[in-house]
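Enquirer: Got target-v8.cif for you, mmCIF, C-alpha atoms:
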data_protein
loop_
_atom_site.group_PDB
_atom_site.id
_atom_site.type_symbol
_atom_site.label_atom_id
_atom_site.label_comp_id
_atom_site.auth_asym_id
_atom_site.auth_seq_id
_atom_site.Cartn_x
_atom_site.Cartn_y
_atom_site.Cartn_z
ATOM 1 C CA ILE A 1 76.331 78.755 69.773
ATOM 2 C CA ARG A 2 74.214 81.581 71.153
ATOM 3 C CA GLU A 3 70.905 81.941 69.301
ATOM 4 C CA ASN A 4 72.011 82.908 65.780
ATOM 5 C CA LYS A 5 75.678 83.481 66.673
ATOM 6 C CA ASN A 6 78.435 80.886 66.289
ATOM 7 C CA TRP A 7 81.949 81.137 67.695
ATOM 8 C CA SER A 8 84.762 78.566 67.524
ATOM 9 C CA THR A 9 86.747 78.511 70.742
ATOM 10 C CA ILE A 10 88.606 76.249 73.172
ATOM 11 C CA VAL A 11 86.418 74.147 75.471
ATOM 12 C CA LEU A 12 88.155 73.350 78.746
ATOM 13 C CA GLY A 13 86.859 70.849 81.280
ATOM 14 C CA THR A 14 88.396 71.440 84.696
ATOM 15 C CA THR A 15 87.796 71.483 88.467
ATOM 16 C CA PRO A 16 86.608 74.246 90.843
ATOM 17 C CA GLU A 17 90.222 74.899 91.906
ATOM 18 C CA PHE A 18 91.025 76.305 88.454
ATOM 19 C CA THR A 19 90.616 79.967 89.451
ATOM 20 C CA ASP A 20 92.841 79.597 92.521
ATOM 21 C CA ILE A 21 95.623 77.722 90.763
ATOM 22 C CA ARG A 22 95.638 80.063 87.762
ATOM 23 C CA SER A 23 94.970 83.202 89.865
ATOM 24 C CA TRP A 24 92.123 83.951 87.490
ATOM 25 C CA PRO A 25 89.139 85.650 89.160
ATOM 26 C CA VAL A 26 85.568 85.853 87.887
ATOM 27 C CA THR A 27 84.387 89.412 87.144
ATOM 28 C CA GLN A 28 80.697 88.596 86.647
ATOM 29 C CA GLY A 29 78.691 85.820 88.261
ATOM 30 C CA ASN A 30 80.450 82.859 89.872
ATOM 31 C CA PHE A 31 82.671 79.918 89.064
ATOM 32 C CA PHE A 32 81.216 76.436 89.309
ATOM 33 C CA THR A 33 81.375 74.535 92.606
ATOM 34 C CA GLN A 34 82.226 71.020 93.720
ATOM 35 C CA SER A 35 78.488 70.327 93.785
ATOM 36 C CA ASP A 36 78.335 71.235 90.080
ATOM 37 C CA MET A 37 81.243 68.862 89.500
ATOM 38 C CA ASP A 38 79.613 65.993 91.374
ATOM 39 C CA SER A 39 76.307 66.380 89.535
ATOM 40 C CA ALA A 40 77.871 67.145 86.134
ATOM 41 C CA ALA A 41 75.790 70.326 86.031
ATOM 42 C CA LYS A 42 75.192 71.924 82.656
ATOM 43 C CA VAL A 43 76.907 75.196 83.493
ATOM 44 C CA VAL A 44 79.692 77.122 81.771
ATOM 45 C CA VAL A 45 81.993 80.067 82.500
ATOM 46 C CA LEU A 46 83.057 82.189 79.538
ATOM 47 C CA GLY A 47 86.349 83.872 78.774
ATOM 48 C CA LYS A 48 86.108 87.561 77.900
ATOM 49 C CA THR A 49 86.678 87.076 74.154
ATOM 50 C CA ALA A 50 84.125 84.270 73.887
ATOM 51 C CA ALA A 51 81.554 86.380 75.756
ATOM 52 C CA GLN A 52 82.146 89.402 73.518
ATOM 53 C CA ASN A 53 81.659 87.347 70.363
ATOM 54 C CA LEU A 54 78.512 85.575 71.552
ATOM 55 C CA PHE A 55 76.711 88.495 73.192
ATOM 56 C CA GLU A 56 75.951 92.072 72.228
ATOM 57 C CA PRO A 57 77.335 94.937 74.367
ATOM 58 C CA GLY A 58 75.035 95.530 77.333
ATOM 59 C CA GLU A 59 73.281 92.182 76.907
ATOM 60 C CA GLU A 60 72.850 90.106 80.068
ATOM 61 C CA VAL A 61 75.347 87.255 79.899
ATOM 62 C CA VAL A 62 75.042 85.552 83.283
ATOM 63 C CA GLY A 63 71.985 83.323 83.228
ATOM 64 C CA ALA A 64 71.817 83.128 79.438
ATOM 65 C CA GLU A 65 71.981 79.833 77.574
ATOM 66 C CA VAL A 66 74.630 78.740 75.090
ATOM 67 C CA ARG A 67 75.075 75.434 73.295
ATOM 68 C CA ILE A 68 78.266 73.439 72.840
ATOM 69 C CA ARG A 69 77.903 70.491 70.479
ATOM 70 C CA ASN A 70 74.127 70.908 70.787
ATOM 71 C CA THR A 71 74.317 70.563 74.580
ATOM 72 C CA PRO A 72 72.519 73.483 76.300
ATOM 73 C CA LEU A 73 74.560 75.088 79.072
ATOM 74 C CA ARG A 74 73.721 77.961 81.415
ATOM 75 C CA VAL A 75 76.305 80.752 81.681
ATOM 76 C CA ILE A 76 77.119 81.340 85.357
ATOM 77 C CA GLY A 77 80.115 83.661 85.072
ATOM 78 C CA ILE A 78 82.690 85.551 83.015
ATOM 79 C CA LEU A 79 86.414 85.326 83.745
ATOM 80 C CA ALA A 80 88.573 88.436 84.126
ATOM 81 C CA PRO A 81 90.432 89.365 80.923
ATOM 82 C CA LYS A 82 94.101 88.386 80.729
ATOM 83 C CA GLY A 83 94.946 89.490 77.192
ATOM 84 C CA GLN A 84 97.517 87.804 75.010
ATOM 85 C CA SER A 85 100.172 85.370 76.120
ATOM 86 C CA ILE A 86 103.853 85.832 75.320
ATOM 87 C CA THR A 87 103.304 83.735 72.184
ATOM 88 C CA GLY A 88 100.525 86.025 70.979
ATOM 89 C CA GLN A 89 97.665 83.659 71.814
ATOM 90 C CA ASP A 90 94.421 85.181 73.088
ATOM 91 C CA GLN A 91 94.131 83.777 76.622
ATOM 92 C CA ASP A 92 90.500 84.909 76.914
ATOM 93 C CA ASP A 93 89.213 82.957 73.913
ATOM 94 C CA PHE A 94 87.921 79.842 75.697
ATOM 95 C CA VAL A 95 85.087 78.534 77.842
ATOM 96 C CA VAL A 96 85.318 76.517 81.071
ATOM 97 C CA LEU A 97 82.912 73.893 82.344
ATOM 98 C CA PRO A 98 83.039 71.175 85.010
ATOM 99 C CA PHE A 99 85.281 68.306 83.999
ATOM 100 C CA THR A 100 82.493 65.796 84.582
ATOM 101 C CA THR A 101 80.119 67.791 82.381
ATOM 102 C CA ALA A 102 82.682 67.973 79.593
ATOM 103 C CA GLU A 103 83.456 64.274 79.897
ATOM 104 C CA ARG A 104 79.909 62.902 80.122
ATOM 105 C CA LYS A 105 77.701 65.386 78.284
ATOM 106 C CA VAL A 106 79.750 67.445 75.845
ATOM 107 C CA MET A 107 82.833 65.650 74.532
ATOM 108 C CA GLY A 108 81.292 62.220 74.059
ATOM 109 C CA THR A 109 82.627 58.731 74.732
ATOM 110 C CA LYS A 110 85.799 59.379 72.716
ATOM 111 C CA PHE A 111 87.270 61.465 75.552
ATOM 112 C CA LEU A 112 86.038 59.455 78.546
ATOM 113 C CA GLY A 113 88.775 59.268 81.191
ATOM 114 C CA THR A 114 91.085 61.494 79.150
ATOM 115 C CA VAL A 115 93.074 64.153 81.010
ATOM 116 C CA GLY A 116 95.366 66.366 78.959
ATOM 117 C CA ILE A 117 96.902 68.634 81.594
ATOM 118 C CA ILE A 118 97.030 68.629 85.399
ATOM 119 C CA LEU A 119 97.859 71.967 87.037
ATOM 120 C CA VAL A 120 99.386 71.878 90.525
ATOM 121 C CA ALA A 121 100.217 74.859 92.753
ATOM 122 C CA THR A 122 102.504 74.943 95.795
ATOM 123 C CA GLN A 123 102.582 77.375 98.702
ATOM 124 C CA THR A 124 106.248 78.265 98.148
ATOM 125 C CA ARG A 125 108.792 77.620 95.410
ATOM 126 C CA TYR A 126 110.910 75.596 97.837
ATOM 127 C CA GLU A 127 108.269 72.859 97.835
ATOM 128 C CA ILE A 128 108.400 72.379 94.065
ATOM 129 C CA PRO A 129 111.159 69.681 93.874
ATOM 130 C CA ALA A 130 109.446 67.495 96.497
ATOM 131 C CA VAL A 131 106.021 67.952 94.887
ATOM 132 C CA VAL A 132 107.425 67.109 91.440
ATOM 133 C CA ALA A 133 108.978 63.921 92.847
ATOM 134 C CA ASP A 134 105.680 62.931 94.503
ATOM 135 C CA ILE A 135 103.702 63.566 91.301
ATOM 136 C CA LYS A 136 106.167 61.556 89.260
ATOM 137 C CA GLU A 137 105.972 58.628 91.665
ATOM 138 C CA LEU A 138 102.158 58.753 91.700
ATOM 139 C CA LEU A 139 101.792 58.954 87.915
ATOM 140 C CA ARG A 140 104.241 56.116 87.304
ATOM 141 C CA ALA A 141 102.261 53.971 89.731
ATOM 142 C CA ARG A 142 98.944 54.937 88.110
ATOM 143 C CA HIS A 143 100.336 54.213 84.636
ATOM 144 C CA HIS A 144 101.807 50.882 85.818
ATOM 145 C CA LEU A 145 105.271 51.713 84.494
ATOM 146 C CA PRO A 146 108.120 49.288 85.352
ATOM 147 C CA SER A 147 111.182 50.860 86.966
ATOM 148 C CA GLN A 148 113.266 50.426 83.794
ATOM 149 C CA GLU A 149 110.681 52.068 81.537
ATOM 150 C CA GLU A 150 110.760 55.787 80.758
ATOM 151 C CA ASP A 151 107.970 58.163 81.747
ATOM 152 C CA ASP A 152 105.045 58.388 79.333
ATOM 153 C CA PHE A 153 104.192 61.844 80.668
ATOM 154 C CA THR A 154 105.934 65.201 81.052
ATOM 155 C CA ILE A 155 106.212 67.316 84.198
ATOM 156 C CA ARG A 156 107.057 70.970 83.667
ATOM 157 C CA THR A 157 107.498 73.623 86.326
ATOM 158 C CA MET A 158 107.259 77.375 85.808
ATOM 159 C CA GLU A 159 111.049 77.460 86.024
ATOM 160 C CA ASP A 160 111.271 75.020 83.103
ATOM 161 C CA ILE A 161 108.796 77.102 81.107
ATOM 162 C CA ALA A 162 110.720 80.288 81.918
ATOM 163 C CA LYS A 163 113.967 78.653 80.737
ATOM 164 C CA THR A 164 112.288 77.522 77.509
ATOM 165 C CA ILE A 165 110.934 81.014 76.866
ATOM 166 C CA ALA A 166 114.331 82.548 77.656
ATOM 167 C CA GLY A 167 116.031 80.119 75.262
ATOM 168 C CA THR A 168 113.526 80.907 72.529
ATOM 169 C CA SER A 169 113.992 84.628 73.143
ATOM 170 C CA ARG A 170 117.772 84.260 72.883
ATOM 171 C CA THR A 171 117.449 82.330 69.627
ATOM 172 C CA MET A 172 115.108 84.957 68.204
ATOM 173 C CA MET A 173 117.454 87.723 69.365
ATOM 174 C CA VAL A 174 120.461 86.090 67.695
ATOM 175 C CA MET A 175 118.476 85.559 64.491
ATOM 176 C CA LEU A 176 117.222 89.156 64.442
ATOM 177 C CA MET A 177 120.690 90.504 65.213
ATOM 178 C CA SER A 178 122.124 88.402 62.377
ATOM 179 C CA ILE A 179 119.533 89.757 59.949
ATOM 180 C CA ALA A 180 120.129 93.302 61.198
ATOM 181 C CA SER A 181 123.906 92.888 60.871
ATOM 182 C CA ILE A 182 123.608 91.658 57.293
ATOM 183 C CA SER A 183 121.281 94.557 56.479
ATOM 184 C CA LEU A 184 123.710 97.052 58.022
ATOM 185 C CA ILE A 185 126.679 95.599 56.141
ATOM 186 C CA VAL A 186 124.796 95.656 52.828
ATOM 187 C CA GLY A 187 123.597 99.202 53.513
ATOM 188 C CA GLY A 188 127.085 100.294 54.544
ATOM 189 C CA ILE A 189 128.627 98.841 51.383
ATOM 190 C CA GLY A 190 125.971 100.686 49.380
ATOM 191 C CA ILE A 191 126.888 103.975 51.069
ATOM 192 C CA MET A 192 130.587 103.331 50.464
ATOM 193 C CA ASN A 193 129.994 102.656 46.759
ATOM 194 C CA ILE A 194 127.884 105.803 46.405
ATOM 195 C CA LEU A 195 130.621 107.881 48.023
ATOM 196 C CA LEU A 196 133.330 106.275 45.865
ATOM 197 C CA VAL A 197 131.350 107.204 42.758
ATOM 198 C CA SER A 198 130.867 110.692 44.191
ATOM 199 C CA VAL A 199 134.612 111.039 44.820
ATOM 200 C CA THR A 200 135.355 109.955 41.261
ATOM 201 C CA GLU A 201 132.816 112.352 39.732
ATOM 202 C CA ARG A 202 133.983 115.256 41.906
ATOM 203 C CA THR A 203 137.724 114.733 41.488
ATOM 204 C CA LYS A 204 138.254 118.127 39.857
ATOM 205 C CA GLU A 205 136.176 119.811 42.559
ATOM 206 C CA ILE A 206 138.358 118.163 45.220
ATOM 207 C CA GLY A 207 141.526 119.237 43.405
ATOM 208 C CA LEU A 208 140.252 122.805 43.086
ATOM 209 C CA ARG A 209 139.381 123.005 46.784
ATOM 210 C CA MET A 210 142.817 121.707 47.754
ATOM 211 C CA ALA A 211 144.481 124.115 45.320
ATOM 212 C CA VAL A 212 142.816 127.116 46.962
ATOM 213 C CA GLY A 213 143.866 126.049 50.444
ATOM 214 C CA ALA A 214 141.597 123.250 51.688
ATOM 215 C CA LYS A 215 143.480 120.909 53.991
ATOM 216 C CA ARG A 216 143.301 117.135 53.898
ATOM 217 C CA ARG A 217 141.191 117.119 57.055
ATOM 218 C CA HIS A 218 138.656 119.443 55.393
ATOM 219 C CA ILE A 219 138.124 117.006 52.491
ATOM 220 C CA LEU A 220 138.015 114.064 54.895
ATOM 221 C CA LEU A 221 135.444 115.814 57.068
ATOM 222 C CA GLN A 222 133.324 116.820 54.060
ATOM 223 C CA PHE A 223 132.809 113.262 52.853
ATOM 224 C CA LEU A 224 132.371 111.906 56.362
ATOM 225 C CA ILE A 225 129.605 114.452 56.963
ATOM 226 C CA GLU A 226 127.956 113.406 53.689
ATOM 227 C CA ALA A 227 128.083 109.764 54.806
ATOM 228 C CA ILE A 228 126.624 110.668 58.205
ATOM 229 C CA ILE A 229 123.808 112.681 56.589
ATOM 230 C CA MET A 230 122.900 109.747 54.327
ATOM 231 C CA THR A 231 122.836 107.266 57.195
ATOM 232 C CA ALA A 232 120.954 109.736 59.412
ATOM 233 C CA ILE A 233 118.227 110.019 56.778
ATOM 234 C CA GLY A 234 118.174 106.220 56.504
ATOM 235 C CA GLY A 235 118.023 105.945 60.294
ATOM 236 C CA VAL A 236 115.052 108.316 60.523
ATOM 237 C CA VAL A 237 113.222 106.441 57.756
ATOM 238 C CA GLY A 238 114.031 103.100 59.415
ATOM 239 C CA VAL A 239 112.821 104.226 62.841
ATOM 240 C CA ALA A 240 109.624 105.639 61.327
ATOM 241 C CA ALA A 241 109.050 102.404 59.392
ATOM 242 C CA GLY A 242 109.662 100.358 62.551
ATOM 243 C CA ILE A 243 107.193 102.388 64.610
ATOM 244 C CA GLY A 244 104.622 102.242 61.809
ATOM 245 C CA GLY A 245 105.118 98.481 61.414
ATOM 246 C CA ALA A 246 104.701 97.924 65.162
ATOM 247 C CA LYS A 247 101.474 99.936 65.256
ATOM 248 C CA LEU A 248 100.195 98.126 62.148
ATOM 249 C CA LEU A 249 100.975 94.762 63.758
ATOM 250 C CA THR A 250 99.049 95.793 66.857
ATOM 251 C CA THR A 251 96.088 96.907 64.743
ATOM 252 C CA LEU A 252 95.947 93.874 62.433
ATOM 253 C CA VAL A 253 96.972 91.020 64.739
ATOM 254 C CA GLY A 254 96.303 92.512 68.155
ATOM 255 C CA TRP A 255 99.813 91.774 69.456
ATOM 256 C CA PRO A 256 100.904 94.312 72.067
ATOM 257 C CA THR A 257 104.074 96.166 71.047
ATOM 258 C CA ILE A 258 106.307 98.328 73.214
ATOM 259 C CA ILE A 259 108.324 101.098 71.567
ATOM 260 C CA SER A 260 111.315 101.945 73.730
ATOM 261 C CA PRO A 261 112.829 105.454 73.386
ATOM 262 C CA GLU A 262 116.206 103.978 74.350
ATOM 263 C CA ALA A 263 115.997 101.473 71.480
ATOM 264 C CA ILE A 264 115.163 104.280 69.029
ATOM 265 C CA VAL A 265 118.157 106.351 70.180
ATOM 266 C CA ILE A 266 120.509 103.347 70.050
ATOM 267 C CA ALA A 267 119.307 102.374 66.551
ATOM 268 C CA PHE A 268 119.761 105.939 65.286
ATOM 269 C CA LEU A 269 123.247 106.282 66.801
ATOM 270 C CA PHE A 270 124.227 102.893 65.393
ATOM 271 C CA SER A 271 123.215 104.056 61.913
ATOM 272 C CA LEU A 272 125.529 107.069 62.336
ATOM 273 C CA VAL A 273 128.386 104.770 63.388
ATOM 274 C CA VAL A 274 127.802 102.673 60.254
ATOM 275 C CA GLY A 275 127.953 105.855 58.169
ATOM 276 C CA VAL A 276 131.268 106.883 59.708
ATOM 277 C CA PHE A 277 132.769 103.386 59.382
ATOM 278 C CA PHE A 278 131.840 102.805 55.739
ATOM 279 C CA GLY A 279 132.377 106.439 54.764
ATOM 280 C CA LEU A 280 135.916 106.508 56.119
ATOM 281 C CA TYR A 281 137.516 104.743 53.128
ATOM 282 C CA PRO A 282 136.006 107.002 50.407
ATOM 283 C CA ALA A 283 136.680 110.095 52.539
ATOM 284 C CA ASN A 284 140.286 109.031 53.116
ATOM 285 C CA LYS A 285 140.725 108.323 49.409
ATOM 286 C CA ALA A 286 139.422 111.779 48.530
ATOM 287 C CA SER A 287 141.638 113.506 51.105
ATOM 288 C CA LYS A 288 144.807 111.819 49.765
ATOM 289 C CA MET A 289 144.359 113.142 46.236
ATOM 290 C CA LYS A 290 147.112 115.378 44.888
ATOM 291 C CA PRO A 291 145.725 118.700 43.654
ATOM 292 C CA ILE A 292 147.616 118.671 40.318
ATOM 293 C CA GLU A 293 146.497 115.122 39.424
ATOM 294 C CA ALA A 294 142.936 115.857 40.521
ATOM 295 C CA LEU A 295 142.717 119.000 38.348
ATOM 296 C CA HIS A 296 143.987 117.097 35.287
ATOM 297 C CA TYR A 297 141.587 114.160 35.859
ATOM 298 C CA GLU A 298 139.348 113.352 32.861
#
Any chance you could put this one into structure tokens?
Expert:
Amino acid sequence: IRENKNWSTIVLGTTPEFTDIRSWPVTQGNFFTQSDMDSAAKVVVLGKTAAQNLFEPGEEVVGAEVRIRNTPLRVIGILAPKGQSITGQDQDDFVVLPFTTAERKVMGTKFLGTVGIILVATQTRYEIPAVVADIKELLRARHHLPSQEEDDFTIRTMEDIAKTIAGTSRTMMVMLMSIASISLIVGGIGIMNILLVSVTERTKEIGLRMAVGAKRRHILLQFLIEAIIMTAIGGVVGVAAGIGGAKLLTTLVGWPTIISPEAIVIAFLFSLVVGVFFGLYPANKASKMKPIEALHYE
């Protein structure tokens, strides 16, 4: 709460090493110190989003007072903006205060001694396995776990997180490709049916063209070109709808979207391939007509 403004956000109690471990600098003011931790000082550092929603543009933030659960806290700094995470979460929508302050003066007795996450940084990636083993041994000892009992905690490295994200991305990619494949097949069948109807309705026209000298390849090429034109129009509309949808998503939700020219070209070319593939049967059927039978078709 800031005067007459309210904003719901994440309240994080942590230690002074937070900015070093997360590589998250302060752009205005300072981060809290070990002295603030020891004395449970009533100070707070705001994320960019929280600061923007509690203060007017140009208003002095550092030194101002905000209240969390009716506890007055003095703003001593603003963290650098980081934007959205890969999951679309706003990383700047939170406030940070000394762990002791959060534990004793803000969160209440319900959270006394409660630690949700411990962040640990190593100098090099080669130290990670040994550090993980040491942390596991320490936590098992602190939790008084017998050797036969499983861990009641989870240790995750950045490599584990990267693998999880990669697995999720692969699953999403497979799902999207499946949906796209079904859409392409349905669209291709629709194009094929339209061309089959067109061949039937234009049987006499085909017979007349062949009677005056049109070769089989000319008829085949004519209907293939028609199929390509239809899919090209669909490809242009689809690309335009995709770009518009991406921009709308960015505007409404704030998710950053990247429009790749290579992806646009590949999508458009793929639509042409679909047109050729599903247009081949109707075009071949039209080209195999006998002129006499086509001219007598009713």
Enquirer: When you look at Asn193 (chain A) with a cut-off of 10 Å (counting only C-alpha atoms), what residues show up, excluding the ones that are within fewer than 6 positions of it in the same chain? I need them as a list in words.
Expert: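 Listing them by chain and then by number gives Gly187, Val199, Phe278, Gly279 and Pro282 of chain A.
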Enquirer: Could you tell me which residues the PyMOL selection byres ((chain A and resi 121-132) around 8) grabs in this file, written as a list in words?
Expert: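 Written out, the selection comes to Ile21, Leu119, Val120, Ala133, Asp134, Ile135, Lys136, Ile155 and Thr157 of chain A.
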Enquirer: Please indicate the distance in Å from CA of Leu221 (chain A) to CA of Ala283 (chain A), rounded to one decimal place.
Expert: 7.4 Å
Enquirer: Calculated over only C-alpha atoms, which of the candidates A:Ala40, A:Leu224, A:Val274, A:Leu139 has the smallest distance to Ser183 (chain A)?
Expert: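 Nearest candidate to Ser183 (chain A) out of A:Ala40, A:Leu224, A:Val274, A:Leu139: A:Val274.
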Enquirer: What is the distance between CA of Phe153 (chain A) and CA of Phe32 (chain A), in Å to one decimal?
Expert: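 Separation of CA of Phe153 (chain A) and CA of Phe32 (chain A): 28.6 Å.
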Enquirer: Just how far from CA of Val186 (chain A) is CA of Val174 (chain A), in Å to one decimal?
Expert: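 Separation of CA of Val174 (chain A) and CA of Val186 (chain A): 18.2 Å.
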Enquirer: Taking the file as I've supplied it (selection: the PyMOL selection byres ((chain A and resi 284) around 12)), which residues are included? Please answer as number ranges by chain.
Expert: A: 192, 195-196, 199, 216-224, 276-283, 285-289
Enquirer: Do you know which residues the PyMOL selection byres ((chain A and resi 51) around 12) returns on this file, as a PyMOL selection string?
Expert: chain A and resi 1-2+5-9+28+44-50+52-62+64-66+75-81+92-96
Enquirer: Measuring between only C-alpha atoms, which one of A:Met175, A:Ala241, A:Leu295, A:Leu97 shows the shortest distance to Gln34 (chain A)?
Expert: A:Leu97
Enquirer: Taking only C-alpha atoms into account, which of A:Val26, A:Ala162, A:Val106, A:Ala211 comes nearest Ile292 (chain A)?
Expert: A:Ala211
Enquirer: Mind giving me the axis-aligned box for region 194-204 of chain A with 3 Å on every side, centre plus edges in Å to one decimal, as AutoDock Vina command-line options?
Expert:
--center_x 133.1 --center_y 112.0 --center_z 43.9 --size_x 16.4 --size_y 18.3 --size_z 14.3
Enquirer: Which residue out of A:Thr250, A:Ser35, A:Thr231, A:Thr101 has the minimum interatomic distance to Phe268 (chain A) when all atoms listed in the file are used?
Expert: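 Of A:Thr250, A:Ser35, A:Thr231, A:Thr101, the one nearest Phe268 (chain A), counting all atoms listed in the file, is A:Thr231.
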Enquirer: Once you count only C-alpha atoms, which residues end up no further than 12 Å from (116.1, 100.4, 59.8) in the file's frame, shown as a ChimeraX atom specification?
Expert: /A:179-184,187,231-245,263-264,266-272,274
Enquirer: Of the residues A:Thr100, A:Val273, A:Glu150, A:Gln89, which is the one nearest to Thr33 (chain A), using all atoms listed in the file?
Expert: A:Thr100
Enquirer: Please rebuild region 85-109 of chain A with N, CA and C atoms and give the result as a PDB file, in the frame of the given file.
Expert:
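The new file selection_34.pdb reads:
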ATOM      1  N   SER A  85      99.016  86.001  75.491  1.00  0.00           N
ATOM      2  CA  SER A  85     100.172  85.370  76.120  1.00  0.00           C
ATOM      3  C   SER A  85     101.433  85.863  75.430  1.00  0.00           C
ATOM      4  N   ILE A  86     102.584  85.417  75.909  1.00  0.00           N
ATOM      5  CA  ILE A  86     103.853  85.832  75.320  1.00  0.00           C
ATOM      6  C   ILE A  86     104.008  85.326  73.892  1.00  0.00           C
ATOM      7  N   THR A  87     103.261  84.273  73.547  1.00  0.00           N
ATOM      8  CA  THR A  87     103.304  83.735  72.184  1.00  0.00           C
ATOM      9  C   THR A  87     102.282  84.382  71.271  1.00  0.00           C
ATOM     10  N   GLY A  88     101.513  85.329  71.798  1.00  0.00           N
ATOM     11  CA  GLY A  88     100.525  86.025  70.979  1.00  0.00           C
ATOM     12  C   GLY A  88      99.157  85.380  70.973  1.00  0.00           C
ATOM     13  N   GLN A  89      98.960  84.332  71.769  1.00  0.00           N
ATOM     14  CA  GLN A  89      97.665  83.659  71.814  1.00  0.00           C
ATOM     15  C   GLN A  89      96.706  84.413  72.729  1.00  0.00           C
ATOM     16  N   ASP A  90      95.450  84.523  72.285  1.00  0.00           N
ATOM     17  CA  ASP A  90      94.421  85.181  73.088  1.00  0.00           C
ATOM     18  C   ASP A  90      94.029  84.256  74.236  1.00  0.00           C
ATOM     19  N   GLN A  91      94.405  84.623  75.462  1.00  0.00           N
ATOM     20  CA  GLN A  91      94.131  83.777  76.622  1.00  0.00           C
ATOM     21  C   GLN A  91      92.666  83.812  77.047  1.00  0.00           C
ATOM     22  N   ASP A  92      91.902  84.768  76.519  1.00  0.00           N
ATOM     23  CA  ASP A  92      90.500  84.909  76.914  1.00  0.00           C
ATOM     24  C   ASP A  92      89.536  84.214  75.956  1.00  0.00           C
ATOM     25  N   ASP A  93      90.073  83.597  74.911  1.00  0.00           N
ATOM     26  CA  ASP A  93      89.213  82.957  73.913  1.00  0.00           C
ATOM     27  C   ASP A  93      89.017  81.478  74.259  1.00  0.00           C
ATOM     28  N   PHE A  94      88.232  81.216  75.305  1.00  0.00           N
ATOM     29  CA  PHE A  94      87.921  79.842  75.697  1.00  0.00           C
ATOM     30  C   PHE A  94      86.728  79.855  76.643  1.00  0.00           C
ATOM     31  N   VAL A  95      86.175  78.684  76.872  1.00  0.00           N
ATOM     32  CA  VAL A  95      85.087  78.534  77.842  1.00  0.00           C
ATOM     33  C   VAL A  95      85.454  77.400  78.793  1.00  0.00           C
ATOM     34  N   VAL A  96      84.984  77.498  80.038  1.00  0.00           N
ATOM     35  CA  VAL A  96      85.318  76.517  81.071  1.00  0.00           C
ATOM     36  C   VAL A  96      84.042  75.896  81.610  1.00  0.00           C
ATOM     37  N   LEU A  97      84.047  74.587  81.751  1.00  0.00           N
ATOM     38  CA  LEU A  97      82.912  73.893  82.344  1.00  0.00           C
ATOM     39  C   LEU A  97      83.418  72.776  83.247  1.00  0.00           C
ATOM     40  N   PRO A  98      82.589  72.262  84.132  1.00  0.00           N
ATOM     41  CA  PRO A  98      83.039  71.175  85.010  1.00  0.00           C
ATOM     42  C   PRO A  98      83.587  70.004  84.206  1.00  0.00           C
ATOM     43  N   PHE A  99      84.654  69.416  84.708  1.00  0.00           N
ATOM     44  CA  PHE A  99      85.281  68.306  83.999  1.00  0.00           C
ATOM     45  C   PHE A  99      84.289  67.168  83.744  1.00  0.00           C
ATOM     46  N   THR A 100      83.469  66.880  84.731  1.00  0.00           N
ATOM     47  CA  THR A 100      82.493  65.796  84.582  1.00  0.00           C
ATOM     48  C   THR A 100      81.456  66.117  83.510  1.00  0.00           C
ATOM     49  N   THR A 101      81.077  67.377  83.412  1.00  0.00           N
ATOM     50  CA  THR A 101      80.119  67.791  82.381  1.00  0.00           C
ATOM     51  C   THR A 101      80.735  67.641  80.999  1.00  0.00           C
ATOM     52  N   ALA A 102      81.990  68.092  80.876  1.00  0.00           N
ATOM     53  CA  ALA A 102      82.682  67.973  79.593  1.00  0.00           C
ATOM     54  C   ALA A 102      82.844  66.515  79.194  1.00  0.00           C
ATOM     55  N   GLU A 103      83.184  65.684  80.171  1.00  0.00           N
ATOM     56  CA  GLU A 103      83.456  64.274  79.897  1.00  0.00           C
ATOM     57  C   GLU A 103      82.187  63.505  79.541  1.00  0.00           C
ATOM     58  N   ARG A 104      81.111  63.730  80.281  1.00  0.00           N
ATOM     59  CA  ARG A 104      79.909  62.902  80.122  1.00  0.00           C
ATOM     60  C   ARG A 104      78.881  63.467  79.141  1.00  0.00           C
ATOM     61  N   LYS A 105      78.819  64.804  79.022  1.00  0.00           N
ATOM     62  CA  LYS A 105      77.701  65.386  78.284  1.00  0.00           C
ATOM     63  C   LYS A 105      78.088  66.212  77.062  1.00  0.00           C
ATOM     64  N   VAL A 106      79.363  66.572  76.954  1.00  0.00           N
ATOM     65  CA  VAL A 106      79.750  67.445  75.845  1.00  0.00           C
ATOM     66  C   VAL A 106      80.707  66.761  74.876  1.00  0.00           C
ATOM     67  N   MET A 107      81.790  66.196  75.392  1.00  0.00           N
ATOM     68  CA  MET A 107      82.833  65.650  74.532  1.00  0.00           C
ATOM     69  C   MET A 107      82.491  64.294  73.930  1.00  0.00           C
ATOM     70  N   GLY A 108      81.640  63.534  74.584  1.00  0.00           N
ATOM     71  CA  GLY A 108      81.292  62.220  74.059  1.00  0.00           C
ATOM     72  C   GLY A 108      82.205  61.129  74.580  1.00  0.00           C
ATOM     73  N   THR A 109      81.904  59.899  74.208  1.00  0.00           N
ATOM     74  CA  THR A 109      82.627  58.731  74.732  1.00  0.00           C
ATOM     75  C   THR A 109      84.088  58.695  74.301  1.00  0.00           C
TER      76      THR A 109
END
